[in-house]
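Okay, data-v6.csv now, which holds CSV, C-alpha atoms:
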```csv
chain,number,residue,atom,x,y,z
A,1,MET,CA,-15.2,10.6,7.9
A,2,VAL,CA,-13.4,7.3,7.8
A,3,LEU,CA,-15.7,4.2,8.0
A,4,GLY,CA,-15.2,2.6,11.3
A,5,LYS,CA,-14.1,-0.9,12.1
A,6,GLY,CA,-16.7,-3.4,11.0
A,7,ALA,CA,-18.8,-0.8,9.2
A,8,SER,CA,-19.7,-1.2,5.6
A,9,SER,CA,-21.9,1.7,4.8
A,10,SER,CA,-23.2,2.9,1.5
A,11,LEU,CA,-22.9,6.4,2.7
A,12,SER,CA,-19.8,8.3,3.8
A,13,MET,CA,-19.2,11.8,5.0
A,14,ASN,CA,-17.0,14.4,3.3
A,15,LYS,CA,-16.2,17.9,4.2
A,16,VAL,CA,-17.0,20.5,1.5
A,17,ASP,CA,-16.3,24.1,2.3
A,18,GLY,CA,-16.3,23.3,6.0
A,19,ALA,CA,-19.7,21.6,6.0
A,20,GLU,CA,-20.1,17.9,6.1
A,21,GLU,CA,-21.7,16.4,3.0
A,22,MET,CA,-23.1,12.9,2.6
A,23,VAL,CA,-21.5,11.1,-0.3
A,24,ASP,CA,-23.8,8.4,-1.7
A,25,ASN,CA,-21.8,5.2,-2.5
A,26,SER,CA,-24.8,3.1,-3.1
A,27,ASN,CA,-24.9,3.4,-6.9
A,28,ASN,CA,-22.9,0.3,-7.7
A,29,PHE,CA,-19.6,1.9,-8.9
A,30,THR,CA,-17.2,-0.6,-10.3
A,31,VAL,CA,-13.5,-0.3,-10.0
A,32,LEU,CA,-10.6,-2.0,-11.8
A,33,VAL,CA,-7.3,-2.2,-9.8
A,34,ALA,CA,-4.3,-2.8,-11.9
A,35,ASP,CA,-1.2,-3.5,-9.8
A,36,ASP,CA,1.4,-6.3,-9.8
A,37,ASP,CA,2.0,-6.2,-6.0
A,38,PRO,CA,-0.2,-8.7,-4.1
A,39,LEU,CA,0.1,-6.5,-1.0
A,40,ILE,CA,-1.2,-3.4,-2.8
A,41,GLN,CA,-3.9,-5.5,-4.6
A,42,LYS,CA,-5.2,-6.7,-1.3
A,43,LEU,CA,-5.0,-3.4,0.5
A,44,HIS,CA,-6.7,-1.4,-2.3
A,45,GLU,CA,-9.3,-4.0,-2.8
A,46,MET,CA,-10.2,-3.9,0.9
A,47,HIS,CA,-10.2,-0.1,1.0
A,48,LEU,CA,-12.5,0.1,-1.9
A,49,LYS,CA,-14.9,-2.6,-0.8
A,50,LYS,CA,-15.3,-0.8,2.5
A,51,PHE,CA,-16.8,2.0,0.5
A,52,GLY,CA,-19.3,-0.3,-1.1
A,53,LEU,CA,-17.4,-0.4,-4.4
A,54,LYS,CA,-17.3,-3.5,-6.7
A,55,VAL,CA,-13.7,-4.4,-7.3
A,56,GLN,CA,-11.8,-6.4,-9.9
A,57,VAL,CA,-8.1,-6.8,-9.7
A,58,VAL,CA,-5.5,-7.5,-12.5
A,59,GLU,CA,-1.8,-7.7,-12.2
A,60,ASN,CA,-0.6,-5.8,-15.3
A,61,GLY,CA,-1.6,-3.2,-17.8
A,62,LYS,CA,-2.2,-5.6,-20.6
A,63,LYS,CA,-4.9,-7.5,-18.6
A,64,ALA,CA,-6.6,-4.2,-17.9
A,65,VAL,CA,-6.6,-3.2,-21.6
A,66,ASP,CA,-7.8,-6.7,-22.6
A,67,LEU,CA,-10.7,-6.6,-20.1
A,68,CYS,CA,-11.9,-3.3,-21.5
A,69,HIS,CA,-11.2,-4.4,-25.1
A,70,PHE,CA,-13.5,-7.4,-24.6
A,71,GLY,CA,-16.3,-5.2,-23.3
A,72,ALA,CA,-15.9,-4.9,-19.5
A,73,THR,CA,-16.7,-1.5,-18.2
A,74,PHE,CA,-15.6,0.2,-15.1
A,75,ASN,CA,-16.5,3.6,-13.5
A,76,LEU,CA,-13.0,3.9,-12.1
A,77,ILE,CA,-9.6,2.4,-13.1
A,78,LEU,CA,-6.8,2.6,-10.6
A,79,ILE,CA,-3.6,1.9,-12.3
A,80,ASP,CA,-0.1,1.4,-11.1
A,81,LYS,CA,2.8,2.9,-13.0
A,82,GLU,CA,5.3,0.1,-12.9
A,83,MET,CA,4.0,-3.3,-13.9
A,84,PRO,CA,5.3,-6.2,-16.0
A,85,VAL,CA,4.1,-7.0,-19.6
A,86,MET,CA,2.5,-3.5,-20.0
A,87,ASP,CA,3.1,-0.6,-17.6
A,88,GLY,CA,0.6,1.9,-16.4
A,89,ALA,CA,1.5,4.7,-18.8
A,90,GLU,CA,1.3,2.5,-21.9
A,91,ALA,CA,-2.0,0.9,-20.6
A,92,THR,CA,-3.4,4.3,-20.0
A,93,LYS,CA,-2.6,5.5,-23.5
A,94,GLU,CA,-4.3,2.3,-24.9
A,95,LEU,CA,-7.3,2.8,-22.8
A,96,GLN,CA,-7.7,6.4,-23.8
A,97,ALA,CA,-7.2,5.4,-27.5
A,98,MET,CA,-10.0,2.8,-27.0
A,99,GLY,CA,-12.2,5.6,-25.7
A,100,VAL,CA,-13.0,3.9,-22.4
A,101,ASN,CA,-15.5,6.0,-20.4
A,102,SER,CA,-13.8,5.6,-17.0
A,103,LEU,CA,-12.1,7.8,-14.6
A,104,ILE,CA,-8.5,6.7,-14.9
A,105,VAL,CA,-6.4,7.3,-11.9
A,106,GLY,CA,-2.7,6.5,-11.5
A,107,VAL,CA,-1.6,5.2,-8.1
A,108,THR,CA,2.2,5.2,-8.0
A,109,SER,CA,4.9,4.9,-5.4
A,110,ARG,CA,7.0,7.2,-7.5
A,111,ASP,CA,7.3,10.4,-5.5
A,112,SER,CA,9.1,12.7,-8.0
A,113,PRO,CA,6.9,15.4,-9.5
A,114,TYR,CA,8.6,14.8,-12.8
A,115,GLU,CA,7.7,11.1,-12.9
A,116,LYS,CA,4.1,11.8,-11.8
A,117,GLN,CA,3.8,14.5,-14.5
A,118,ALA,CA,5.1,12.0,-17.1
A,119,PHE,CA,2.5,9.5,-15.9
A,120,MET,CA,-0.3,12.1,-16.1
A,121,GLU,CA,0.7,13.0,-19.6
A,122,ALA,CA,-0.2,9.4,-20.6
A,123,GLY,CA,-3.8,10.5,-20.1
A,124,LEU,CA,-4.7,10.1,-16.5
A,125,ASP,CA,-7.4,12.1,-14.8
A,126,TYR,CA,-5.5,12.1,-11.5
A,127,CYS,CA,-2.4,10.7,-10.0
A,128,PHE,CA,-2.0,9.7,-6.4
A,129,GLU,CA,0.8,8.4,-4.3
A,130,LYS,CA,0.5,4.9,-2.9
A,131,PRO,CA,-1.1,3.7,-0.8
A,132,LEU,CA,-4.8,4.7,-1.2
A,133,THR,CA,-6.3,6.3,1.8
A,134,ALA,CA,-9.9,6.9,2.8
A,135,ASP,CA,-9.5,10.6,1.9
A,136,LYS,CA,-8.4,9.8,-1.6
A,137,ILE,CA,-11.2,7.3,-2.1
A,138,ASN,CA,-13.7,9.9,-0.8
A,139,PHE,CA,-12.4,12.4,-3.3
A,140,LEU,CA,-12.7,9.9,-6.1
A,141,LEU,CA,-16.2,9.0,-5.1
A,142,GLN,CA,-17.2,12.7,-5.2
A,143,GLU,CA,-15.8,12.8,-8.8
A,144,LEU,CA,-17.7,9.7,-9.8
A,145,ASN,CA,-20.9,11.1,-8.3
A,146,LYS,CA,-20.4,14.4,-10.2
A,147,ASN,CA,-19.8,12.5,-13.5
A,148,ASN,CA,-22.9,10.3,-12.9
B,149,MET,CA,-9.0,-11.6,34.6
B,150,GLU,CA,-6.6,-13.4,32.3
B,151,ARG,CA,-8.5,-12.0,29.3
B,152,ASN,CA,-8.2,-8.5,30.6
B,153,ARG,CA,-4.5,-8.9,31.4
B,154,LEU,CA,-3.8,-10.2,27.9
B,155,GLN,CA,-5.8,-7.4,26.3
B,156,GLN,CA,-3.9,-4.8,28.4
B,157,GLU,CA,-0.6,-6.4,27.3
B,158,VAL,CA,-1.6,-6.2,23.7
B,159,ALA,CA,-2.6,-2.6,24.0
B,160,CYS,CA,0.7,-1.8,25.8
B,161,MET,CA,2.8,-3.5,23.2
B,162,ARG,CA,0.9,-1.8,20.4
B,163,ARG,CA,1.4,1.6,22.1
B,164,SER,CA,5.1,1.0,22.4
B,165,LEU,CA,5.4,0.1,18.7
B,166,PHE,CA,4.1,3.5,17.9
B,167,ASP,CA,5.9,5.4,20.7
B,168,GLN,CA,9.2,3.9,19.8
B,169,GLY,CA,8.7,4.9,16.1
B,170,TYR,CA,8.5,1.4,14.6
B,171,LEU,CA,5.0,2.0,13.3
B,172,GLU,CA,3.1,5.0,12.1
B,173,GLU,CA,-0.4,6.1,11.0
B,174,GLN,CA,-0.6,3.8,8.0
B,175,PHE,CA,-0.7,0.8,10.3
B,176,ILE,CA,-3.8,2.3,12.0
B,177,GLN,CA,-5.4,2.5,8.5
B,178,LEU,CA,-4.8,-1.2,8.1
B,179,GLU,CA,-6.4,-1.9,11.5
B,180,GLU,CA,-9.4,0.2,10.6
B,181,LEU,CA,-9.9,-1.9,7.5
B,182,GLN,CA,-10.0,-5.1,9.6
B,183,ASP,CA,-13.5,-6.3,10.5
B,184,ASP,CA,-15.4,-9.4,11.5
B,185,ALA,CA,-15.5,-10.6,7.9
B,186,ASN,CA,-11.7,-10.2,7.6
B,187,PRO,CA,-10.5,-10.7,11.2
B,188,ASN,CA,-6.9,-11.4,10.1
B,189,PHE,CA,-6.5,-8.7,7.5
B,190,VAL,CA,-3.6,-6.9,9.2
B,191,GLN,CA,-1.7,-10.1,9.8
B,192,GLU,CA,-2.3,-11.1,6.1
B,193,ILE,CA,-1.0,-7.8,4.8
B,194,VAL,CA,2.0,-8.0,7.1
B,195,ALA,CA,2.7,-11.5,5.8
B,196,LEU,CA,2.6,-10.2,2.3
B,197,PHE,CA,5.1,-7.5,3.4
B,198,TYR,CA,7.4,-10.3,4.7
B,199,THR,CA,7.2,-12.1,1.3
B,200,ASP,CA,7.9,-8.9,-0.6
B,201,SER,CA,10.8,-8.0,1.7
B,202,ALA,CA,12.5,-11.4,1.5
B,203,ARG,CA,12.5,-11.2,-2.3
B,204,LEU,CA,13.7,-7.6,-2.4
B,205,ILE,CA,16.4,-8.1,0.2
B,206,GLN,CA,17.8,-10.9,-1.9
B,207,ASN,CA,17.7,-8.9,-5.1
B,208,ILE,CA,19.4,-5.9,-3.4
B,209,GLU,CA,22.1,-8.1,-2.0
B,210,GLN,CA,22.8,-9.7,-5.4
B,211,THR,CA,22.9,-6.3,-7.0
B,212,LEU,CA,25.3,-4.9,-4.3
B,213,ASN,CA,27.6,-7.9,-4.9
B,214,SER,CA,27.7,-7.5,-8.6
B,215,LYS,CA,30.5,-5.6,-10.3
B,216,PRO,CA,29.9,-2.9,-11.5
B,217,ILE,CA,27.0,-2.1,-9.3
B,218,ASP,CA,23.9,-1.2,-11.3
B,219,PHE,CA,22.7,1.8,-9.2
B,220,SER,CA,19.6,2.2,-11.3
B,221,LYS,CA,18.5,-1.4,-10.6
B,222,LEU,CA,19.4,-0.9,-7.0
B,223,ASP,CA,17.3,2.2,-6.7
B,224,ASP,CA,14.4,0.4,-8.3
B,225,TYR,CA,14.5,-2.5,-5.8
B,226,MET,CA,14.9,-0.2,-2.8
B,227,HIS,CA,12.0,2.0,-4.2
B,228,GLN,CA,9.8,-1.1,-4.2
B,229,PHE,CA,11.0,-2.0,-0.7
B,230,LYS,CA,10.2,1.5,0.5
B,231,GLY,CA,6.8,1.3,-1.0
B,232,SER,CA,6.1,-2.0,0.6
B,233,SER,CA,7.3,-0.9,4.1
B,234,SER,CA,5.3,2.4,3.9
B,235,SER,CA,2.2,0.5,3.0
B,236,ILE,CA,2.2,-1.2,6.4
B,237,GLY,CA,3.4,1.9,8.3
B,238,ALA,CA,6.9,0.5,9.0
B,239,LYS,CA,8.4,3.9,9.8
B,240,LYS,CA,12.0,3.1,10.7
B,241,VAL,CA,12.4,0.7,7.8
B,242,THR,CA,10.9,3.3,5.4
B,243,ASP,CA,13.2,6.0,6.8
B,244,GLU,CA,16.3,3.8,6.3
B,245,CYS,CA,15.2,3.0,2.7
B,246,THR,CA,15.1,6.8,2.0
B,247,VAL,CA,18.6,7.2,3.3
B,248,PHE,CA,19.8,4.3,1.1
B,249,ARG,CA,18.2,5.8,-2.0
B,250,GLU,CA,20.1,9.1,-1.3
B,251,TYR,CA,23.4,7.1,-1.4
B,252,CYS,CA,22.2,5.3,-4.5
B,253,SER,CA,21.5,8.6,-6.3
B,254,ALA,CA,25.0,9.7,-5.5
B,255,GLU,CA,26.3,6.3,-6.7
B,256,ASN,CA,28.0,5.9,-3.3
B,257,ALA,CA,28.6,2.1,-3.0
B,258,GLU,CA,30.0,2.2,0.5
B,259,GLY,CA,27.1,4.3,1.7
B,260,CYS,CA,24.7,1.9,0.1
B,261,ILE,CA,26.3,-1.1,1.7
B,262,ARG,CA,26.4,0.5,5.1
B,263,THR,CA,22.8,1.7,4.9
B,264,PHE,CA,21.6,-1.6,3.6
B,265,GLN,CA,22.8,-3.2,6.9
B,266,GLN,CA,20.7,-0.6,8.7
B,267,VAL,CA,17.7,-1.4,6.5
B,268,LYS,CA,18.0,-5.1,7.2
B,269,GLN,CA,18.5,-4.5,10.9
B,270,GLU,CA,15.4,-2.4,11.2
B,271,TYR,CA,13.4,-4.9,9.2
B,272,THR,CA,14.6,-7.8,11.4
B,273,ILE,CA,13.8,-5.9,14.6
B,274,LEU,CA,10.3,-4.9,13.3
B,275,ARG,CA,9.5,-8.4,12.1
B,276,ARG,CA,10.4,-9.9,15.5
B,277,LYS,CA,8.3,-7.3,17.4
B,278,LEU,CA,5.4,-7.8,15.1
B,279,GLU,CA,5.6,-11.6,15.4
B,280,VAL,CA,5.4,-11.3,19.2
B,281,TYR,CA,2.7,-8.7,19.0
B,282,PHE,CA,0.5,-10.8,16.7
B,283,GLN,CA,1.1,-13.9,18.8
B,284,MET,CA,-0.2,-11.9,21.8
B,285,VAL,CA,-3.2,-10.7,19.7
B,286,ARG,CA,-4.1,-14.3,18.8
B,287,GLN,CA,-3.7,-15.4,22.5
B,288,ALA,CA,-6.0,-12.5,23.6
B,289,ALA,CA,-8.5,-13.5,20.9
B,290,VAL,CA,-8.6,-17.1,22.1
B,291,ALA,CA,-9.0,-16.0,25.7
B,292,HIS,CA,-11.8,-13.6,24.6
B,293,SER,CA,-13.7,-16.3,22.9
B,294,ALA,CA,-13.2,-18.9,25.7
```

Starting from the file, give its structure as structure tokens.
Amino acid sequence: MVLGKGASSSLSMNKVDGAEEMVDNSNNFTVLVADDDPLIQKLHEMHLKKFGLKVQVVENGKKAVDLCHFGATFNLILIDKEMPVMDGAEATKELQAMGVNSLIVGVTSRDSPYEKQAFMEAGLDYCFEKPLTADKINFLLQELNKNN
Amino acid sequence: MERNRLQQEVACMRRSLFDQGYLEEQFIQLEELQDDANPNFVQEIVALFYTDSARLIQNIEQTLNSKPIDFSKLDDYMHQFKGSSSSIGAKKVTDECTVFREYCSAENAEGCIRTFQQVKQEYTILRRKLEVYFQMVRQAAVAHSA
């Protein structure tokens, strides 16, 4: 179920094996969005906030790494592949090397399976094609709820 | 009466943008994100699209005019443009970007130049239609609150 216009619920519905299941979004999940495109930053931030998530946005991989290096913690890191200064693949490797305890998800506009695979090999948990949709966010929330 | 007429005109224009293939599902996703706290969200996203597009069109033009043509750079720019246009559901623009990238992969300069004219044309048409549409949306909003 997609949250309707004007709604900002802590609960959303998701179909599991044909039955609808309530997904509890009210547990203060935090998300870091790393993308250099202001359009994608705004779009993803809005999408995520609609699901009750707390969002921080940075414009390159280095800022994402620095934030985590200086102690910021996030349940979910959504990371673009192509960014200036430090790209998504390099940032993901650094974050994994630091041992961050976050679900790290690539969000790329690259549609070739080869490029997605290369990005995954940097250490992503998942890789989605841009832009984020309600279905993808619901899926990630389910994963976050499982892990927590 | 005026309020209803304006709302009907807005709905009609919106429907035609989808029926004529200028917009697709992703635009509806943007509309669903808009709410009372962010009443201009769709227009703000579309404005960012225009900013992205202006920059990328200029970059693509410069790259097409350079000799030799750097097809890798060209593909990169058009890939960004395609990503941007698909983020707002600009279907015809996105489709032309796809065609362009095929010519780019084949390093077909003539095909790229020809298709780029199509990309720009579709972008210009969409931009004009959206500007009219959002102007009508704003007028209807003013009439509604009067």

*asked:* Using only C-alpha atoms, which protein or nucleic acid residues come within 8 Å of B:Gly231? Drop anything in the same chain fewer than 6 positions from it, and give the result as a VMD selection string.
replied: (chain A and resid 109 130) or (chain B and resid 242)

*asked:* Just checking: using only C-alpha atoms, which residue out of B:Asp167, B:Glu209, B:Asp218, B:Asp223 ends up closest to chain A?
replied: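 Selected residue with least distance to chain A: B:Asp223.
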
*Selected residue of minimal separation from chain A among B:Asp200, B:Glu150, B:Glu172, B:Glu250, counting only C-alpha atoms*: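 Among B:Asp200, B:Glu150, B:Glu172, B:Glu250, it is B:Asp200 that comes nearest to chain A.
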
*What would the list of residues within 12 Å of (14.3, 6.0, 5.3) (file frame) look like as JSON, numbers by chain, if all atoms listed in the file are what count?*
{"B": [170, 226, 227, 229, 230, 231, 233, 234, 238, 239, 240, 241, 242, 243, 244, 245, 246, 247, 248, 249, 250, 251, 263, 264, 266, 267, 268, 270, 271]}

*Could you tell me how far atom CA of B:Met284 lies from atom CA of B:Leu154, in Å and to one decimal?*
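Separation of atom CA of B:Met284 and atom CA of B:Leu154: 7.3 Å.
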
_Could you tell me which residues of chain A sit within 12 Å of chain B when counting all atoms listed in the file, and give me the result as a PyMOL selection string?_
chain A and resi 2-8+36-51+81-83+107-112+129-135

*Hey, can you check how far atom CA of A:Phe128 sits from atom CA of A:Asp80?*
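Atom-to-atom, atom CA of A:Phe128 and atom CA of A:Asp80 are spaced 9.7 Å apart.
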
*Which residue, A:Gln117, A:Asn28, A:Asn148, A:Gln142, has the smallest gap to A:Ser102 when you use all atoms listed in the file?*
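Closest to A:Ser102 of all the choices is A:Asn148.
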
*Have a look at A:Asp35, A:Asp66, A:Glu59, A:Asp87 and name the one nearest to A:Phe119; count all atoms listed in the file.*
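Selected residue with least distance to A:Phe119: A:Asp87.
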
_So that I can see what lies close to A:Ile104, please list as a list of chain:residue names the residues with an atom at most 9 Å from it, counting only C-alpha atoms and leaving out residues fewer than 6 positions away in the same chain._
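Listed by chain and then number, they are A:Asn75, A:Leu76, A:Ile77, A:Leu78, A:Ile79, A:Thr92, A:Leu95, A:Gln96, A:Gly123, A:Leu124, A:Asp125, A:Tyr126, A:Cys127.
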
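Using all atoms listed in the file, the smallest distance between any of B:Ala294, B:Ala288, B:Leu278, B:Cys252 and B:Gln156 comes from B:Ala288.
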
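Restricting the calculation to only C-alpha atoms, the smallest distance between B:Tyr225 and any of B:Ala159, B:Ala291, B:Leu204, B:Leu212 is found for B:Leu204.
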
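From atom CA of B:Ser253 back to atom CA of A:Gly88, the distance works out to 24.2 Å.
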
Padding 6 Å on every side, please: axis-aligned box over the listed atoms of stretch 161-173 of chain B, centre and edge lengths to one decimal in Å, as lines of an AutoDock Vina configuration file.
```
center_x = 4.4
center_y = 1.3
center_z = 17.1
size_x = 21.6
size_y = 21.6
size_z = 24.2
```

*asked:* With all atoms listed in the file as the counted atoms, please give the residues lying no more than 12 Å from A:Leu67, apart from itself and same-chain residues fewer than 4 positions off, as a ChimeraX atom specification.
replied: /A:32-34,56-63,71-74,77,91,94-95,98,100
